[in-house]
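K.L.:
Before I ask anything, here is the structure I am working with.
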Amino acid sequence: MSDSSLSPLGPSNYGLLGQLIADNQTIQNRLNTLSEQASSGYIANDFGGLGSGAAIALALASETSQNTAIANGLNAASTTLNVTQTILKQISSIASNLSSQILSASTVNTNLSVLATSAKAALQQLAGLLNTQNGSTYVFAGTDSSNPPVPNAQNIASSGFATQIAKAVAGLGTNGAAVTMASIQAIASSNASGTSPFSTALSQGTAQLQTVPTGSGESMVIGVLANANASQPSSGPYSTGSYMRDLMASLATIAAFAQPSVQAQANTPAFQSLLSSVQSLLNGAISGLATDEGVLGVEQNQISSTQSLLSDTNTVLQTQISNVEDVNMAATLSNLSATQTQLEASYKLIASTATLSLANYL
């Protein structure tokens with residue numbers, strides 16, 4: 001037998017071994033991928049490994065992230081509205097309490113002094129409540145939320161606002177109730193520096209109600225400003241259009257009853273007319289407060305509904321993301337077992353092929 005008849009054995013055998021080794025590496029890579037998938041539950045560790053599904057996953061993840069950011073903003077807004085509602089109830093209680101005191105007050109000087117002292121304390125309390133914060137946010141400051149809406153709240157009883165109203169009340173005997181109330185209305189309506197008790201941003205109208213996103217390109221306005229109604233302007237004789245201004249004016253007016261010159265007129269028709277007008281102004285403020293509490297309740301319901309919708313939407317989006325990113329665990333484990341068996345068989349075949357030699361063949 002000639003040597004040439006045996007020559008194909010070597011190269012052919014070596015080529016087969018190389019092919020088996022290459023196939024073994026392919027099987028090993030597949031096994032590594034399946035092991036990683038079985039361990040993580042994901043098709044790939046990055047978007048690049050998703051192939052054509054990468055663009056879909058990225059788009060869905062972006063929408064989910066946007067919805068989450070909106071939901072977080074709505075959570076913060078809901079908390080702010082809860083705080084605002086609580087404060088409005090307290091302010092309403094202040095107004096109702098003083099209105100009751102006016103009804104029961106007699107015209108003797110001692111009672112007027114007590115009433116004036118109560119009103120002064122209530123005015124200071126009201127100013128403090130209007131500076132309520134939720135975290136670092138002033139809830140009644142609107143878009144100027146980092147600054148107090150009533151900058152000099154602790155000294156409100158001696159502010160230009162209060163002293164000017166006290167001066168107007170002191171002229172009751174000369175001017176009469178109608179003129180006095182008109183003066184009080186003008187002072188309470190003023191946005192002039194030194195008269196308005198509110199911040200510059202609120203007085204000049206540069207601070208507006210806050211807006212929170214509710215969806216892509218959609219938003220809603222929330223809250224109440226310290227110097228303006230959230231729903232519609234207040235109405236009625238001598239109203240400023242703002243129940244908060246009306247309430248502050250009423251409190252400052254009653255606080256001015258501490259003046260002896262005013263108490264000396266307690267039994268006059270002018271004083272009784274003034275007292276009646278103040279009570280009417282207080283009742284209008286109480287009504288306005290109730291209206292805005294209802295408005296805030298509607299806003300809270302809208303926020304709650306939007307939050308539920310966003311949550312449901314994200315649940316659907318997450319399912320779609322899972323369909324793109326997550327492996328079918330049952331199929332993956334089955335493929336993993338089959339690939340391990342295939343790899344073991346590959347190693348055995350390589351081992352048996354590697355032992356072939358010319359001597360074995362002969």
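Going by the structure tokens order, chains are called A, B, ..., each with residues numbered from 1, while ligands are numbered from 1 in the order shown.
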Env of segment 195-198 of chain A: 12 Å cut, atoms = only C-alpha atoms, seq-sep filter 5 positions within chain, self excluded. Answer as a ChimeraX atom specification.
P.N.:
/A:123-124,126-128,130-131,140-141,144,147-165,184,186-190,203-205,207,225-228,244-245,248-249,252
K.L.:
For the residues in the current selection, export N, CA and C atoms as a tab-separated table (two decimals), in the first residue's frame.
P.N.:
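Okay, this is what ended up in out_16.tsv:
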chain	number	residue	atom	x	y	z
A	123	LEU	N	-55.76	88.75	63.57
A	123	LEU	CA	-55.07	89.30	62.40
A	123	LEU	C	-53.63	88.79	62.34
A	124	GLN	N	-52.96	88.77	63.48
A	124	GLN	CA	-51.59	88.25	63.52
A	124	GLN	C	-51.56	86.76	63.20
A	126	LEU	N	-53.78	85.12	61.39
A	126	LEU	CA	-54.09	84.98	59.96
A	126	LEU	C	-52.85	85.22	59.11
A	127	ALA	N	-52.13	86.29	59.40
A	127	ALA	CA	-50.91	86.60	58.64
A	127	ALA	C	-49.91	85.45	58.74
A	128	GLY	N	-49.79	84.88	59.94
A	128	GLY	CA	-48.88	83.75	60.12
A	128	GLY	C	-49.33	82.53	59.33
A	130	LEU	N	-51.01	82.50	56.58
A	130	LEU	CA	-50.78	82.73	55.15
A	130	LEU	C	-49.32	82.47	54.77
A	131	ASN	N	-48.44	82.42	55.75
A	131	ASN	CA	-47.03	82.11	55.50
A	131	ASN	C	-46.72	80.63	55.75
A	140	PHE	N	-49.28	79.64	49.90
A	140	PHE	CA	-50.14	80.72	49.42
A	140	PHE	C	-49.38	81.74	48.58
A	141	ALA	N	-48.16	81.41	48.17
A	141	ALA	CA	-47.32	82.36	47.43
A	141	ALA	C	-47.34	82.11	45.93
A	144	ASP	N	-44.21	82.32	43.30
A	144	ASP	CA	-43.14	82.93	44.11
A	144	ASP	C	-43.00	82.14	45.40
A	147	ASN	N	-40.69	82.62	48.69
A	147	ASN	CA	-40.77	83.83	49.50
A	147	ASN	C	-42.11	83.91	50.24
A	148	PRO	N	-42.12	84.43	51.48
A	148	PRO	CA	-43.37	84.51	52.24
A	148	PRO	C	-44.35	85.49	51.60
A	149	PRO	N	-45.61	85.12	51.47
A	149	PRO	CA	-46.60	86.02	50.87
A	149	PRO	C	-46.91	87.24	51.73
A	150	VAL	N	-46.70	87.13	53.04
A	150	VAL	CA	-46.87	88.27	53.96
A	150	VAL	C	-45.52	88.50	54.64
A	151	PRO	N	-44.67	89.33	54.07
A	151	PRO	CA	-43.29	89.46	54.55
A	151	PRO	C	-43.14	89.88	56.01
A	152	ASN	N	-44.04	90.72	56.49
A	152	ASN	CA	-43.90	91.27	57.85
A	152	ASN	C	-45.05	90.77	58.73
A	153	ALA	N	-45.31	89.49	58.63
A	153	ALA	CA	-46.49	88.91	59.31
A	153	ALA	C	-46.49	89.15	60.81
A	154	GLN	N	-45.33	89.06	61.43
A	154	GLN	CA	-45.27	89.19	62.89
A	154	GLN	C	-45.62	90.60	63.36
A	155	ASN	N	-45.49	91.58	62.45
A	155	ASN	CA	-45.80	92.96	62.81
A	155	ASN	C	-47.00	93.50	62.03
A	156	ILE	N	-47.87	92.62	61.59
A	156	ILE	CA	-48.99	93.03	60.76
A	156	ILE	C	-49.89	94.05	61.47
A	157	ALA	N	-50.04	93.92	62.78
A	157	ALA	CA	-50.94	94.81	63.52
A	157	ALA	C	-50.43	96.25	63.56
A	158	SER	N	-49.13	96.44	63.31
A	158	SER	CA	-48.56	97.79	63.30
A	158	SER	C	-48.08	98.19	61.91
A	159	SER	N	-48.48	97.43	60.91
A	159	SER	CA	-48.05	97.70	59.54
A	159	SER	C	-48.81	98.90	58.97
A	160	GLY	N	-48.36	99.38	57.81
A	160	GLY	CA	-49.05	100.47	57.15
A	160	GLY	C	-50.50	100.12	56.85
A	161	PHE	N	-50.74	98.86	56.51
A	161	PHE	CA	-52.09	98.38	56.23
A	161	PHE	C	-53.00	98.59	57.44
A	162	ALA	N	-52.56	98.13	58.61
A	162	ALA	CA	-53.39	98.21	59.82
A	162	ALA	C	-53.52	99.65	60.32
A	163	THR	N	-52.42	100.41	60.29
A	163	THR	CA	-52.47	101.78	60.83
A	163	THR	C	-53.32	102.69	59.95
A	164	GLN	N	-53.30	102.47	58.64
A	164	GLN	CA	-54.13	103.28	57.75
A	164	GLN	C	-55.62	102.98	57.95
A	165	ILE	N	-55.94	101.70	58.17
A	165	ILE	CA	-57.32	101.33	58.45
A	165	ILE	C	-57.76	101.91	59.79
A	184	ILE	N	-61.79	102.06	53.93
A	184	ILE	CA	-61.23	100.75	54.32
A	184	ILE	C	-61.11	99.85	53.09
A	186	ALA	N	-60.69	100.76	49.99
A	186	ALA	CA	-59.61	101.26	49.15
A	186	ALA	C	-58.24	100.84	49.69
A	187	ILE	N	-58.10	100.92	51.01
A	187	ILE	CA	-56.83	100.53	51.65
A	187	ILE	C	-56.59	99.03	51.46
A	188	ALA	N	-57.63	98.25	51.69
A	188	ALA	CA	-57.49	96.79	51.59
A	188	ALA	C	-57.26	96.34	50.15
A	189	SER	N	-57.74	97.13	49.18
A	189	SER	CA	-57.57	96.78	47.77
A	189	SER	C	-56.22	97.20	47.22
A	190	SER	N	-55.55	98.09	47.93
A	190	SER	CA	-54.32	98.69	47.42
A	190	SER	C	-53.17	97.69	47.32
A	203	SER	N	-48.35	91.56	45.08
A	203	SER	CA	-48.92	92.89	44.89
A	203	SER	C	-48.83	93.35	43.44
A	204	GLN	N	-47.72	93.02	42.78
A	204	GLN	CA	-47.52	93.45	41.40
A	204	GLN	C	-48.08	92.45	40.39
A	205	GLY	N	-48.57	91.32	40.88
A	205	GLY	CA	-49.18	90.34	39.99
A	205	GLY	C	-48.20	89.47	39.23
A	207	ALA	N	-46.56	87.02	40.62
A	207	ALA	CA	-46.76	85.67	41.14
A	207	ALA	C	-48.14	85.18	40.74
A	225	LEU	N	-53.88	81.90	46.04
A	225	LEU	CA	-52.94	82.98	46.38
A	225	LEU	C	-53.42	83.68	47.64
A	226	ALA	N	-52.48	84.24	48.39
A	226	ALA	CA	-52.83	84.91	49.64
A	226	ALA	C	-53.72	86.12	49.42
A	227	ASN	N	-53.64	86.73	48.25
A	227	ASN	CA	-54.38	87.99	48.02
A	227	ASN	C	-55.45	87.88	46.95
A	228	ALA	N	-55.78	86.66	46.50
A	228	ALA	CA	-56.78	86.53	45.44
A	228	ALA	C	-57.50	85.20	45.56
A	244	MET	N	-59.69	87.00	51.31
A	244	MET	CA	-58.59	87.12	52.26
A	244	MET	C	-58.32	88.59	52.60
A	245	ARG	N	-58.37	89.45	51.59
A	245	ARG	CA	-58.22	90.89	51.83
A	245	ARG	C	-59.39	91.38	52.69
A	248	MET	N	-58.87	90.28	56.28
A	248	MET	CA	-57.82	91.06	56.94
A	248	MET	C	-58.32	92.48	57.24
A	249	ALA	N	-59.07	93.04	56.30
A	249	ALA	CA	-59.61	94.39	56.51
A	249	ALA	C	-60.61	94.40	57.66
A	252	ALA	N	-58.61	94.12	60.93
A	252	ALA	CA	-57.92	95.38	61.23
A	252	ALA	C	-58.91	96.46	61.67
K.L.:
Residues of segment 133-261 of chain A in helix (DSSP H, G or I) according to DSSP, as a ChimeraX atom specification?
P.N.:
/A:153-158,160-170,172-189,200-203,243-258,260-261
K.L.:
Using only C-alpha atoms, find the one residue out of A:Asn111, A:Ser346, A:Ser100, A:Asn29 that sits nearest to Gln263 of chain A.
P.N.:
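The closest residue to Gln263 of chain A is A:Asn111.
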K.L.:
Residues at most 10 Å from Glu293 of chain A, counting only C-alpha atoms, excluding those fewer than 2 positions away in the same chain, as an mmCIF file with N, CA and C atoms, in the first residue's frame?
P.N.:
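result.cif, freshly written:
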data_model
loop_
_atom_site.group_PDB
_atom_site.id
_atom_site.type_symbol
_atom_site.label_atom_id
_atom_site.label_comp_id
_atom_site.auth_asym_id
_atom_site.auth_seq_id
_atom_site.Cartn_x
_atom_site.Cartn_y
_atom_site.Cartn_z
ATOM 1 N N LEU A 81 -51.888 70.785 48.358
ATOM 2 C CA LEU A 81 -53.327 71.071 48.430
ATOM 3 C C LEU A 81 -53.916 70.624 49.764
ATOM 4 N N THR A 84 -52.987 73.264 52.180
ATOM 5 C CA THR A 84 -53.768 74.466 51.904
ATOM 6 C C THR A 84 -55.196 74.327 52.427
ATOM 7 N N GLN A 85 -55.788 73.156 52.191
ATOM 8 C CA GLN A 85 -57.147 72.905 52.687
ATOM 9 C C GLN A 85 -57.213 73.030 54.205
ATOM 10 N N THR A 86 -56.236 72.480 54.878
ATOM 11 C CA THR A 86 -56.197 72.527 56.340
ATOM 12 C C THR A 86 -56.122 73.970 56.838
ATOM 13 N N LEU A 88 -57.027 76.727 55.177
ATOM 14 C CA LEU A 88 -58.262 77.440 54.859
ATOM 15 C C LEU A 88 -59.350 77.154 55.898
ATOM 16 N N LYS A 89 -59.402 75.937 56.368
ATOM 17 C CA LYS A 89 -60.378 75.592 57.408
ATOM 18 C C LYS A 89 -60.086 76.375 58.692
ATOM 19 N N SER A 92 -61.108 79.964 58.111
ATOM 20 C CA SER A 92 -62.567 80.048 58.148
ATOM 21 C C SER A 92 -63.067 80.047 59.593
ATOM 22 N N GLY A 223 -54.153 75.500 43.710
ATOM 23 C CA GLY A 223 -53.838 76.316 44.873
ATOM 24 C C GLY A 223 -54.618 77.613 44.980
ATOM 25 N N VAL A 224 -54.212 78.401 45.966
ATOM 26 C CA VAL A 224 -54.835 79.690 46.266
ATOM 27 C C VAL A 224 -53.738 80.703 46.560
ATOM 28 N N ALA A 230 -59.249 81.734 44.368
ATOM 29 C CA ALA A 230 -58.883 80.730 43.376
ATOM 30 C C ALA A 230 -59.969 80.565 42.328
ATOM 31 N N SER A 231 -61.222 80.781 42.721
ATOM 32 C CA SER A 231 -62.333 80.541 41.805
ATOM 33 C C SER A 231 -62.800 81.824 41.146
ATOM 34 N N SER A 287 -68.032 82.767 53.159
ATOM 35 C CA SER A 287 -68.629 82.136 51.979
ATOM 36 C C SER A 287 -67.580 81.888 50.896
ATOM 37 N N GLY A 288 -66.705 82.882 50.674
ATOM 38 C CA GLY A 288 -65.641 82.736 49.680
ATOM 39 C C GLY A 288 -64.672 81.630 50.043
ATOM 40 N N LEU A 289 -64.353 81.536 51.322
ATOM 41 C CA LEU A 289 -63.470 80.468 51.789
ATOM 42 C C LEU A 289 -64.072 79.094 51.499
ATOM 43 N N ALA A 290 -65.365 78.958 51.761
ATOM 44 C CA ALA A 290 -66.041 77.681 51.525
ATOM 45 C C ALA A 290 -66.014 77.319 50.038
ATOM 46 N N THR A 291 -66.201 78.333 49.194
ATOM 47 C CA THR A 291 -66.176 78.098 47.746
ATOM 48 C C THR A 291 -64.817 77.587 47.300
ATOM 49 N N VAL A 295 -63.309 74.198 45.493
ATOM 50 C CA VAL A 295 -62.467 74.207 44.290
ATOM 51 C C VAL A 295 -61.230 73.336 44.505
ATOM 52 N N LEU A 296 -60.604 73.470 45.665
ATOM 53 C CA LEU A 296 -59.424 72.661 45.967
ATOM 54 C C LEU A 296 -59.788 71.179 46.028
ATOM 55 N N GLY A 297 -60.984 70.890 46.522
ATOM 56 C CA GLY A 297 -61.435 69.504 46.554
ATOM 57 C C GLY A 297 -61.545 68.922 45.153
ATOM 58 N N VAL A 298 -62.055 69.723 44.221
ATOM 59 C CA VAL A 298 -62.142 69.291 42.818
ATOM 60 C C VAL A 298 -60.743 69.057 42.253
ATOM 61 N N GLU A 299 -59.819 69.961 42.563
ATOM 62 C CA GLU A 299 -58.436 69.814 42.089
ATOM 63 C C GLU A 299 -57.807 68.539 42.640
#
K.L.:
Would you mind telling me which residue in A:Gly171, A:Gly194, A:Gly284, A:Gly176 lies nearest to Ser239 of chain A when using only C-alpha atoms?
P.N.:
A:Gly284
K.L.:
At a cut-off of 12 Å, using only C-alpha atoms, what residues contact Met220 of chain A? Leave out same-chain residues fewer than 3 positions from it and give the result as a list in words.
P.N.:
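Counting only the stated atoms, we get Ile70, Gly73, Leu74, Ala77, Leu209, Gln210, Thr211, Val212, Pro213, Thr214, Gly215, Gly217, Gly223, Leu296, Val298, Glu299, Gln300, Gln302, Ile303 and Thr306 of chain A.
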